[in-house]
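Next comes protein39.txt, with compact mmCIF, C-alpha atoms and all ligand atoms.
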# COMPACT_ATOMS: atom_id res chain seq x y z
CA MET A 1302 39.74 10.70 19.78
CA SER A 1303 42.02 7.73 19.22
CA ALA A 1304 41.87 6.80 15.54
CA PRO A 1305 43.33 3.36 14.84
CA ALA A 1306 45.40 3.12 11.67
CA GLU A 1307 43.46 -0.02 10.72
CA PRO A 1308 39.94 0.37 12.12
CA THR A 1309 39.11 -3.34 12.29
CA LEU A 1310 42.39 -4.53 13.84
CA PRO A 1311 42.11 -5.17 17.59
CA ALA A 1312 44.82 -3.88 19.90
CA PRO A 1313 45.87 -6.05 22.84
CA TYR A 1314 44.50 -5.09 26.25
CA ARG A 1315 44.92 -6.89 29.57
CA ILE A 1316 42.06 -7.48 32.00
CA VAL A 1317 43.51 -5.99 35.19
CA GLY A 1318 40.34 -6.03 37.29
CA ARG A 1319 37.04 -7.85 37.44
CA ARG A 1320 34.01 -7.03 39.58
CA GLN A 1321 30.84 -9.11 39.77
CA ASP A 1322 27.96 -6.59 39.69
CA SER A 1323 25.03 -9.02 39.77
CA ALA A 1324 24.41 -12.70 39.07
CA ASP A 1325 25.09 -12.31 35.34
CA VAL A 1326 26.75 -8.88 35.02
CA PHE A 1327 30.44 -8.18 35.57
CA THR A 1328 32.74 -5.20 34.98
CA TRP A 1329 36.21 -5.50 33.51
CA THR A 1330 38.96 -2.97 34.02
CA VAL A 1331 41.26 -3.21 31.00
CA GLU A 1332 44.63 -1.63 30.24
CA PRO A 1333 46.38 -1.24 26.88
CA LEU A 1334 49.55 -3.19 26.17
CA GLY A 1335 51.60 -0.66 24.31
CA GLU A 1336 49.09 1.87 22.99
CA PRO A 1337 48.32 5.15 24.81
CA ALA A 1338 45.26 5.48 27.05
CA LEU A 1339 42.05 5.55 25.02
CA THR A 1340 40.17 8.78 24.47
CA PHE A 1341 36.44 8.48 23.82
CA LEU A 1342 33.12 10.26 24.21
CA PRO A 1343 30.39 9.18 26.65
CA GLY A 1344 28.02 6.83 24.84
CA GLN A 1345 30.59 5.27 22.51
CA PHE A 1346 31.40 1.56 22.41
CA ASN A 1347 34.32 -0.74 21.77
CA MET A 1348 34.47 -4.11 20.02
CA LEU A 1349 35.94 -6.54 22.54
CA TYR A 1350 37.54 -9.71 21.22
CA ALA A 1351 38.14 -12.79 23.35
CA TYR A 1352 40.78 -14.63 21.35
CA GLY A 1353 39.47 -17.95 20.08
CA ILE A 1354 35.94 -17.17 21.23
CA GLY A 1355 34.56 -14.15 19.41
CA GLU A 1356 34.00 -10.42 19.32
CA VAL A 1357 31.09 -8.34 20.68
CA PRO A 1358 30.21 -4.63 20.92
CA VAL A 1359 30.28 -3.33 24.50
CA SER A 1360 29.70 0.24 25.67
CA ILE A 1361 32.35 2.05 27.65
CA SER A 1362 31.14 2.49 31.23
CA SER A 1363 34.05 4.52 32.60
CA ALA A 1364 34.34 8.28 32.90
CA ALA A 1365 35.81 9.93 29.81
CA ALA A 1366 38.67 11.19 32.00
CA GLY A 1367 40.15 10.16 35.31
CA GLU A 1368 39.25 6.47 35.38
CA PRO A 1369 40.75 3.34 33.86
CA LEU A 1370 38.81 1.84 30.95
CA LEU A 1371 35.73 -0.07 32.19
CA HIS A 1372 33.29 -2.35 30.39
CA THR A 1373 30.20 -3.72 32.10
CA ILE A 1374 29.01 -6.93 30.46
CA ARG A 1375 26.00 -9.22 30.82
CA ALA A 1376 26.76 -12.88 30.17
CA VAL A 1377 24.00 -13.85 27.73
CA GLY A 1378 25.41 -16.06 25.00
CA SER A 1379 28.19 -17.77 23.11
CA VAL A 1380 30.75 -14.96 23.50
CA THR A 1381 29.77 -13.12 26.67
CA ARG A 1382 29.35 -16.28 28.77
CA PRO A 1383 32.92 -17.51 28.12
CA MET A 1384 34.09 -13.91 28.62
CA ALA A 1385 32.59 -14.03 32.13
CA ALA A 1386 34.91 -16.93 32.95
CA LEU A 1387 38.15 -15.25 31.79
CA PRO A 1388 40.53 -14.62 34.72
CA VAL A 1389 42.20 -11.34 35.54
CA GLY A 1390 45.45 -11.19 33.57
CA THR A 1391 43.90 -12.47 30.32
CA VAL A 1392 44.80 -10.50 27.20
CA ILE A 1393 41.86 -9.57 24.97
CA GLY A 1394 41.54 -7.49 21.79
CA ARG A 1395 39.90 -4.07 21.69
CA ARG A 1396 39.06 -1.86 18.75
CA GLY A 1397 37.19 1.42 18.65
CA PRO A 1398 35.88 3.64 20.07
CA TYR A 1399 32.96 3.67 17.66
CA GLY A 1400 29.64 5.41 17.28
CA SER A 1401 27.87 8.57 18.28
CA ALA A 1402 27.91 10.14 21.75
CA TRP A 1403 25.38 11.46 24.24
CA PRO A 1404 24.82 15.17 23.37
CA LEU A 1405 26.08 16.56 26.67
CA ALA A 1406 27.39 19.82 25.24
CA GLU A 1407 24.04 20.53 23.54
CA ALA A 1408 22.26 19.82 26.83
CA GLU A 1409 24.23 22.43 28.78
CA GLY A 1410 22.17 25.35 29.97
CA GLY A 1411 19.06 23.21 30.46
CA ASP A 1412 17.83 20.33 32.61
CA LEU A 1413 19.09 16.80 32.07
CA LEU A 1414 16.76 13.82 32.57
CA ILE A 1415 18.42 10.41 32.38
CA VAL A 1416 16.29 7.27 32.18
CA ALA A 1417 18.08 3.94 32.55
CA GLY A 1418 16.72 0.42 32.48
CA GLY A 1419 18.81 -2.50 33.76
CA LEU A 1420 22.20 -2.68 32.08
CA GLY A 1421 21.35 0.59 30.30
CA LEU A 1422 22.90 2.36 33.28
CA ALA A 1423 26.36 1.26 32.06
CA PRO A 1424 26.49 3.32 28.82
CA LEU A 1425 24.88 6.23 30.67
CA ARG A 1426 27.42 6.23 33.51
CA PRO A 1427 30.06 8.23 31.53
CA ALA A 1428 27.37 10.80 30.66
CA ILE A 1429 26.26 11.12 34.28
CA LEU A 1430 29.87 11.49 35.45
CA GLY A 1431 30.49 14.01 32.67
CA ALA A 1432 27.47 16.08 33.70
CA LEU A 1433 28.44 15.93 37.37
CA ALA A 1434 31.97 17.04 36.48
CA ARG A 1435 30.42 20.14 34.87
CA ARG A 1436 27.48 20.36 37.27
CA ALA A 1437 27.24 24.16 37.15
CA GLN A 1438 26.57 24.03 33.40
CA PHE A 1439 23.25 22.22 33.88
CA GLY A 1440 19.97 23.10 35.55
CA ARG A 1441 18.20 20.26 37.30
CA LEU A 1442 19.75 16.84 36.97
CA CYS A 1443 17.53 13.79 37.37
CA LEU A 1444 18.36 10.08 37.09
CA LEU A 1445 15.52 7.53 36.94
CA TYR A 1446 16.76 3.94 37.13
CA GLY A 1447 14.70 0.77 36.96
CA THR A 1448 15.62 -2.90 37.21
CA ARG A 1449 13.73 -6.17 37.37
CA GLY A 1450 14.48 -6.70 41.06
CA PRO A 1451 16.71 -5.40 43.87
CA ALA A 1452 19.44 -7.96 43.04
CA ASP A 1453 19.75 -6.45 39.56
CA VAL A 1454 20.55 -2.91 40.73
CA LEU A 1455 24.01 -2.10 39.35
CA PHE A 1456 26.67 0.23 40.78
CA ALA A 1457 24.99 0.40 44.21
CA ASP A 1458 27.96 2.22 45.81
CA GLN A 1459 28.02 4.71 42.95
CA LEU A 1460 24.28 5.34 43.27
CA ALA A 1461 24.69 5.95 47.02
CA ALA A 1462 27.49 8.46 46.34
CA TRP A 1463 25.39 10.28 43.73
CA ARG A 1464 22.42 10.42 46.09
CA ALA A 1465 24.63 11.81 48.87
CA ARG A 1466 25.73 14.74 46.68
CA GLY A 1467 22.31 16.37 46.99
CA ASP A 1468 22.48 17.99 43.54
CA LEU A 1469 21.09 15.04 41.60
CA GLU A 1470 17.53 13.74 41.92
CA LEU A 1471 17.88 9.95 41.94
CA ARG A 1472 14.93 7.56 41.89
CA VAL A 1473 15.47 3.82 41.74
CA THR A 1474 12.56 1.49 41.11
CA VAL A 1475 12.20 -2.26 40.71
CA ASP A 1476 9.58 -4.21 38.77
CA ARG A 1477 9.26 -6.79 41.54
CA ALA A 1478 10.21 -5.96 45.12
CA THR A 1479 11.59 -8.29 47.77
CA PRO A 1480 10.54 -7.94 51.44
CA ASP A 1481 13.67 -5.93 52.28
CA TRP A 1482 13.19 -3.40 49.42
CA THR A 1483 12.17 0.02 50.72
CA GLY A 1484 12.35 1.93 47.44
CA GLU A 1485 9.85 2.47 44.64
CA VAL A 1486 8.11 -0.37 42.80
CA GLY A 1487 6.91 -0.28 39.20
CA VAL A 1488 8.34 0.29 35.75
CA VAL A 1489 10.81 3.15 35.41
CA THR A 1490 8.80 4.92 32.71
CA ARG A 1491 6.10 5.70 35.29
CA LEU A 1492 8.56 7.96 37.12
CA ILE A 1493 8.90 10.30 34.13
CA ALA A 1494 5.64 12.10 34.89
CA ARG A 1495 6.98 13.09 38.35
CA ALA A 1496 10.58 13.97 37.47
CA ASP A 1497 11.51 17.44 38.73
CA VAL A 1498 12.52 19.03 35.42
CA ASP A 1499 11.21 21.77 33.16
CA PRO A 1500 10.21 19.72 30.07
CA ALA A 1501 10.62 22.55 27.56
CA ARG A 1502 14.30 23.00 28.51
CA THR A 1503 15.08 19.34 29.17
CA THR A 1504 17.38 16.99 27.29
CA ALA A 1505 16.55 13.32 27.91
CA LEU A 1506 19.05 10.47 27.61
CA VAL A 1507 17.50 7.00 27.58
CA CYS A 1508 19.07 3.54 27.54
CA GLY A 1509 17.58 0.16 28.33
CA PRO A 1510 15.59 -2.62 26.71
CA GLU A 1511 14.02 -1.41 23.47
CA ILE A 1512 10.44 -1.73 24.69
CA MET A 1513 11.31 0.37 27.72
CA MET A 1514 12.91 3.03 25.50
CA ARG A 1515 9.80 3.20 23.31
CA PHE A 1516 7.55 3.72 26.33
CA ALA A 1517 10.05 6.20 27.80
CA GLY A 1518 10.09 8.22 24.60
CA GLU A 1519 6.32 8.35 24.49
CA ALA A 1520 6.13 9.37 28.18
CA LEU A 1521 8.72 12.10 27.61
CA LEU A 1522 6.74 13.46 24.67
CA ARG A 1523 3.59 13.48 26.83
CA ARG A 1524 5.57 15.41 29.48
CA GLY A 1525 6.37 18.02 26.84
CA VAL A 1526 10.03 17.23 26.20
CA PRO A 1527 10.74 18.17 22.56
CA ALA A 1528 11.22 15.14 20.31
CA THR A 1529 14.57 16.46 19.13
CA ALA A 1530 15.79 16.56 22.75
CA ILE A 1531 15.06 12.85 23.39
CA HIS A 1532 18.07 10.62 22.72
CA LEU A 1533 18.12 6.81 22.83
CA SER A 1534 21.03 4.37 22.62
CA LEU A 1535 20.20 1.38 20.43
CA GLU A 1536 21.73 -2.07 20.12
CA ARG A 1537 21.84 -4.23 17.02
CA ASN A 1538 23.91 -7.28 16.15
CA MET A 1539 27.25 -6.09 14.79
CA LYS A 1540 30.13 -7.55 12.86
CA CYS A 1541 32.40 -4.86 11.39
CA ALA A 1542 31.28 -1.88 13.56
CA VAL A 1543 32.60 0.53 10.93
CA GLY A 1544 29.73 0.77 8.44
CA TYR A 1545 30.93 -1.91 5.97
CA CYS A 1546 28.80 -5.00 6.46
CA GLY A 1547 25.23 -3.77 7.01
CA HIS A 1548 24.70 -6.23 9.86
CA CYS A 1549 23.46 -3.51 12.21
CA GLN A 1550 21.04 -1.86 9.80
CA LEU A 1551 17.85 -0.37 11.25
CA GLY A 1552 15.77 1.34 8.58
CA PRO A 1553 18.05 3.92 6.94
CA HIS A 1554 20.58 3.80 9.80
CA PHE A 1555 23.65 1.71 10.45
CA ILE A 1556 23.67 1.63 14.23
CA CYS A 1557 27.47 1.24 14.43
CA ARG A 1558 28.05 4.38 12.35
CA ASP A 1559 24.97 6.59 12.78
CA GLY A 1560 24.25 5.42 16.36
CA PRO A 1561 24.19 3.96 18.86
CA VAL A 1562 22.86 7.29 20.20
CA LEU A 1563 20.08 8.62 17.99
CA ALA A 1564 17.48 11.35 18.51
CA TRP A 1565 13.82 10.32 18.67
CA PRO A 1566 12.72 11.86 15.31
CA ARG A 1567 15.25 9.64 13.48
CA LEU A 1568 13.66 6.55 15.02
CA ALA A 1569 10.02 7.16 14.19
CA GLY A 1570 8.39 3.80 13.41
CA LEU A 1571 11.67 1.90 13.70
CA LEU A 1572 11.61 0.76 17.31
CA ASP A 1573 9.32 -2.18 16.51
CA VAL A 1574 11.68 -3.53 13.84
CA ALA A 1575 13.12 -6.84 15.05
CA GLU A 1576 16.84 -7.73 14.93
CA LEU A 1577 17.99 -9.43 11.73
C1 LIG B 1 26.41 -0.44 20.57
C2 LIG B 1 26.23 -1.60 21.51
C3 LIG B 1 26.61 -1.48 22.83
C4 LIG B 1 26.44 -2.55 23.71
N1 LIG B 1 26.84 -2.40 25.00
C5 LIG B 1 26.76 -3.46 25.83
C6 LIG B 1 27.23 -3.34 27.17
O1 LIG B 1 27.71 -2.29 27.61
N2 LIG B 1 27.15 -4.43 27.94
C7 LIG B 1 26.62 -5.62 27.50
O2 LIG B 1 26.58 -6.60 28.25
N3 LIG B 1 26.15 -5.74 26.26
C8 LIG B 1 26.22 -4.71 25.42
N4 LIG B 1 25.77 -4.83 24.14
C9 LIG B 1 25.14 -6.09 23.77
C10 LIG B 1 26.20 -7.16 23.50
O3 LIG B 1 26.92 -6.81 22.37
C11 LIG B 1 25.48 -8.49 23.29
O4 LIG B 1 24.91 -8.90 24.50
C12 LIG B 1 26.47 -9.52 22.81
O5 LIG B 1 26.85 -9.24 21.50
C13 LIG B 1 25.87 -10.91 22.89
O6 LIG B 1 26.81 -11.79 22.32
P1 LIG B 1 26.86 -13.32 22.69
O7 LIG B 1 27.60 -13.98 21.58
O8 LIG B 1 27.37 -13.53 24.07
O9 LIG B 1 25.35 -13.76 22.70
P2 LIG B 1 24.59 -14.47 21.48
O10 LIG B 1 25.04 -15.89 21.42
O11 LIG B 1 24.65 -13.63 20.28
O12 LIG B 1 23.12 -14.41 22.05
C14 LIG B 1 22.67 -15.40 22.92
C15 LIG B 1 21.28 -15.07 23.37
O13 LIG B 1 21.29 -13.83 24.08
C16 LIG B 1 20.37 -12.95 23.50
N5 LIG B 1 20.95 -11.64 23.52
C17 LIG B 1 21.85 -11.13 22.65
N6 LIG B 1 22.12 -9.87 22.97
C18 LIG B 1 21.40 -9.60 24.08
C19 LIG B 1 21.24 -8.47 24.90
N7 LIG B 1 21.87 -7.32 24.62
N8 LIG B 1 20.40 -8.55 25.97
C20 LIG B 1 19.75 -9.68 26.24
N9 LIG B 1 19.85 -10.78 25.50
C21 LIG B 1 20.65 -10.73 24.44
C22 LIG B 1 20.18 -13.41 22.08
O14 LIG B 1 18.90 -13.03 21.61
C23 LIG B 1 20.30 -14.90 22.22
O15 LIG B 1 19.07 -15.47 22.61
C24 LIG B 1 25.90 -3.78 23.25
C25 LIG B 1 25.51 -3.90 21.92
C26 LIG B 1 25.67 -2.83 21.06
C27 LIG B 1 25.29 -2.98 19.64
S1 LIG B 2 28.23 -3.65 12.03
FE1 LIG B 2 28.85 -3.64 9.96
S2 LIG B 2 27.77 -1.92 9.16
FE2 LIG B 2 27.38 -1.82 11.29
Spit out the file's structure as structure tokens when you get a sec.
Amino acid sequence: MSAPAEPTLPAPYRIVGRRQDSADVFTWTVEPLGEPALTFLPGQFNMLYAYGIGEVPVSISSAAAGEPLLHTIRAVGSVTRPMAALPVGTVIGRRGPYGSAWPLAEAEGGDLLIVAGGLGLAPLRPAILGALARRAQFGRLCLLYGTRGPADVLFADQLAAWRARGDLELRVTVDRATPDWTGEVGVVTRLIARADVDPARTTALVCGPEIMMRFAGEALLRRGVPATAIHLSLERNMKCAVGYCGHCQLGPHFICRDGPVLAWPRLAGLLDVAEL
């Protein structure tokens, strides 16, 4: 793991690629100017700093090995909207990686059930690629992905390639279909009951809007997945990202330090707590 000498000092990175994934989501490819390639664990995030604009936490959406560094970003507010307008070639700041990782090693030997909602597919992508790279170490592998509508489905080419492999059960559903949509319709959590996994030996990785993760956790428990094997990735407003400022506190946890990936028992009663 890269450990910066000064954990809150951004290193310069250049945006070398930009892909528009949906109306308000884009993916940057970034390269370091001077520092070695970043090592990180699936599920971790970086703080990305647009000089003169501001800094935000963004998950790493690239594979832990074999890909350039990717960040998939939704333009929602005062930092991410101006970020969406930055041209390729712009130099930004990056610090990290921070936070906990998806427990892929612990999941080996059992089934892996991944539940993604909307942009939640981005932080899960490194975990999916990691599991596929070590496919023989897992039993059944199932990805359930839900978005608001067909136009919001991210990484369509990637999804098609995963489906074509034949060793990953992939179900994509939309809340509201358009006439040309031939896939499933309904919230993603409804697919959990039908996922082809053995609940008792399943590890579940869940990322999406918080309400979706709460319903997903409850559906997984009803399916018989052990609470300790259900892992969610949480978001909270962040400033320091290194456990100093308390901005990201959720109950007894600092999400930047203890999360963002946390097991279900550590979140009991906390998922209804609003952002500060
Ligand atoms: C650990 C972690 C990982 C994250 N990974 C990603 C990622 O991979 N990609 C990504 O795009 N974002 C990610 N986020 C969320 C991202 O940090 C926020 O969207 C960003 O900080 C918003 O900053 P802003 O200044 O542009 O918006 P603000 O000006 O702070 O917010 C503007 C409006 O957008 C709303 N808003 C803020 N955050 C979100 C959100 N996440 N979703 C919907 N509405 C929001 C606010 O409520 C407000 O109404 C992550 C957050 C955390 C904590
Ligand atoms: S963002 Fe400062 S403690 Fe987490």
Which of A:Gly1353, A:Pro1510, A:Pro1311, A:Pro1404 sits closest to A:Leu1334 [using only C-alpha atoms]: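 Looking at the shortest contact to A:Leu1334, the residue is A:Pro1311.
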Might you pull out every residue within 9 Å of stretch 1466-1483 of chain A, with all atoms listed in the file counted and same-chain residues fewer than 2 positions away left off, and present them as a compact mmCIF listing (two decimals) with C-alpha atoms, in the coordinates of the input?
# COMPACT_ATOMS: atom_id res chain seq x y z
CA LEU A 1433 28.44 15.93 37.37
CA ARG A 1436 27.48 20.36 37.27
CA ARG A 1441 18.20 20.26 37.30
CA LEU A 1442 19.75 16.84 36.97
CA CYS A 1443 17.53 13.79 37.37
CA LEU A 1444 18.36 10.08 37.09
CA LEU A 1445 15.52 7.53 36.94
CA TYR A 1446 16.76 3.94 37.13
CA GLY A 1447 14.70 0.77 36.96
CA THR A 1448 15.62 -2.90 37.21
CA ARG A 1449 13.73 -6.17 37.37
CA GLY A 1450 14.48 -6.70 41.06
CA PRO A 1451 16.71 -5.40 43.87
CA ASP A 1453 19.75 -6.45 39.56
CA VAL A 1454 20.55 -2.91 40.73
CA LEU A 1460 24.28 5.34 43.27
CA ALA A 1461 24.69 5.95 47.02
CA ALA A 1462 27.49 8.46 46.34
CA TRP A 1463 25.39 10.28 43.73
CA ARG A 1464 22.42 10.42 46.09
CA GLU A 1485 9.85 2.47 44.64
CA VAL A 1486 8.11 -0.37 42.80
CA GLY A 1487 6.91 -0.28 39.20
CA VAL A 1488 8.34 0.29 35.75
CA VAL A 1489 10.81 3.15 35.41
CA LEU A 1492 8.56 7.96 37.12
CA ALA A 1496 10.58 13.97 37.47
CA ASP A 1497 11.51 17.44 38.73
Polymer residues at most 12 Å from A:Thr1373, all atoms listed in the file, same-chain spacing of 2 or more positions, as a PyMOL selection string: chain A and resi 1318-1323+1325-1331+1346-1347+1349+1358-1363+1370-1371+1375-1376+1381+1384-1385+1419-1427+1455-1456
Neighbours of point (6.5, 8.2, 32.1) within 6 Å, using only C-alpha atoms, written as an MDAnalysis selection string: chainID A and resid 1490:1494 1517 1520
Pick from A:Ala1434, A:Leu1414, A:Leu1339, A:Ala1366, whichever lies nearest to A:Arg1395 using all atoms listed in the file: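 Closest to A:Arg1395 of all the choices is A:Leu1339.
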Applying 8 Å and all atoms listed in the file, which residues near A:Leu1533 remain after dropping the ones on its own chain fewer than 5 positions away? List them as a short mmCIF file (atom, residue, chain, number, x, y, z; two decimals) with C-alpha atoms, in the frame of the given file.
data_model
loop_
_atom_site.label_atom_id
_atom_site.label_comp_id
_atom_site.auth_asym_id
_atom_site.auth_seq_id
_atom_site.Cartn_x
_atom_site.Cartn_y
_atom_site.Cartn_z
CA LEU A 1506 19.05 10.47 27.61
CA VAL A 1507 17.50 7.00 27.58
CA CYS A 1508 19.07 3.54 27.54
CA MET A 1514 12.91 3.03 25.50
CA PRO A 1561 24.19 3.96 18.86
CA VAL A 1562 22.86 7.29 20.20
CA LEU A 1563 20.08 8.62 17.99
CA ALA A 1564 17.48 11.35 18.51
CA TRP A 1565 13.82 10.32 18.67
#
With 4 Å of padding per side, what axis-aligned box (centre and edge lengths, Å, one decimal) covers all the listed atoms of ligand LIG 2 (chain B)? Give it as lines of an AutoDock Vina configuration file.
center_x = 28.1
center_y = -2.7
center_z = 10.6
size_x = 9.5
size_y = 9.8
size_z = 10.9
Residue neighbourhood A:Phe1439, 9 Å, all atoms listed in the file, exclusion window fewer than 3 positions, as an MDAnalysis selection string: chainID A and resid 1408:1413 1432:1433 1435:1436 1442
Given all atoms listed in the file as the counted atoms, nearest of A:Thr1503, A:Ser1379, A:Gln1459, A:Thr1309 to ligand LIG 1 (chain B):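 Going through A:Thr1503, A:Ser1379, A:Gln1459, A:Thr1309 one by one, the smallest distance to ligand LIG 1 (chain B) is for A:Ser1379.
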Quick one: residues within 9 Å of ligand LIG 2 (chain B), with only C-alpha atoms and all ligand atoms, as a CSV table (one decimal) with C-alpha atoms, in the coordinates of the input?
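Output below, filename selection.csv:
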chain,number,residue,atom,x,y,z
A,1537,ARG,CA,21.8,-4.2,17.0
A,1538,ASN,CA,23.9,-7.3,16.2
A,1539,MET,CA,27.2,-6.1,14.8
A,1540,LYS,CA,30.1,-7.6,12.9
A,1541,CYS,CA,32.4,-4.9,11.4
A,1542,ALA,CA,31.3,-1.9,13.6
A,1543,VAL,CA,32.6,0.5,10.9
A,1544,GLY,CA,29.7,0.8,8.4
A,1545,TYR,CA,30.9,-1.9,6.0
A,1546,CYS,CA,28.8,-5.0,6.5
A,1547,GLY,CA,25.2,-3.8,7.0
A,1548,HIS,CA,24.7,-6.2,9.9
A,1549,CYS,CA,23.5,-3.5,12.2
A,1550,GLN,CA,21.0,-1.9,9.8
A,1554,HIS,CA,20.6,3.8,9.8
A,1555,PHE,CA,23.6,1.7,10.4
A,1556,ILE,CA,23.7,1.6,14.2
A,1557,CYS,CA,27.5,1.2,14.4
A,1558,ARG,CA,28.0,4.4,12.4
A,1559,ASP,CA,25.0,6.6,12.8
Separation of atom CA of A:Val1389 from atom CA of A:Ala1338, in Å and rounded to one decimal: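 Atom CA of A:Ala1338 lies 19.1 Å from atom CA of A:Val1389.
The coordinates place atom C8 of ligand LIG 1 (chain B) at 20.5 Å from atom CA of A:Pro1333.
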Who sits within 9 Å of A:Ala1428, only C-alpha atoms, same chain under 6 positions skipped, as a ChimeraX atom specification: /A:1342-1344,1364-1365,1402-1405,1506
Which residue of A:Arg1502, A:Arg1382, A:Arg1315, A:Arg1495 approaches ligand LIG 1 (chain B) most closely, using all atoms listed in the file: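 Smallest separation from ligand LIG 1 (chain B) among the options: A:Arg1382.
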Distance of atom C15 of ligand LIG 1 (chain B) from atom CA of A:Arg1396, expressed in Å to one decimal place: 22.6 Å
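Closest approach to ligand LIG 1 (chain B) from the set A:Ala1324, A:Ile1374, A:Ala1351, A:Ala1457 is made by A:Ile1374, with distances taken over only C-alpha atoms and all ligand atoms.
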A:Ile1415, A:Met1513, A:Ala1528, A:Met1348 ranked by distance to ligand LIG 1 (chain B), top pick (using all atoms listed in the file): A:Met1348
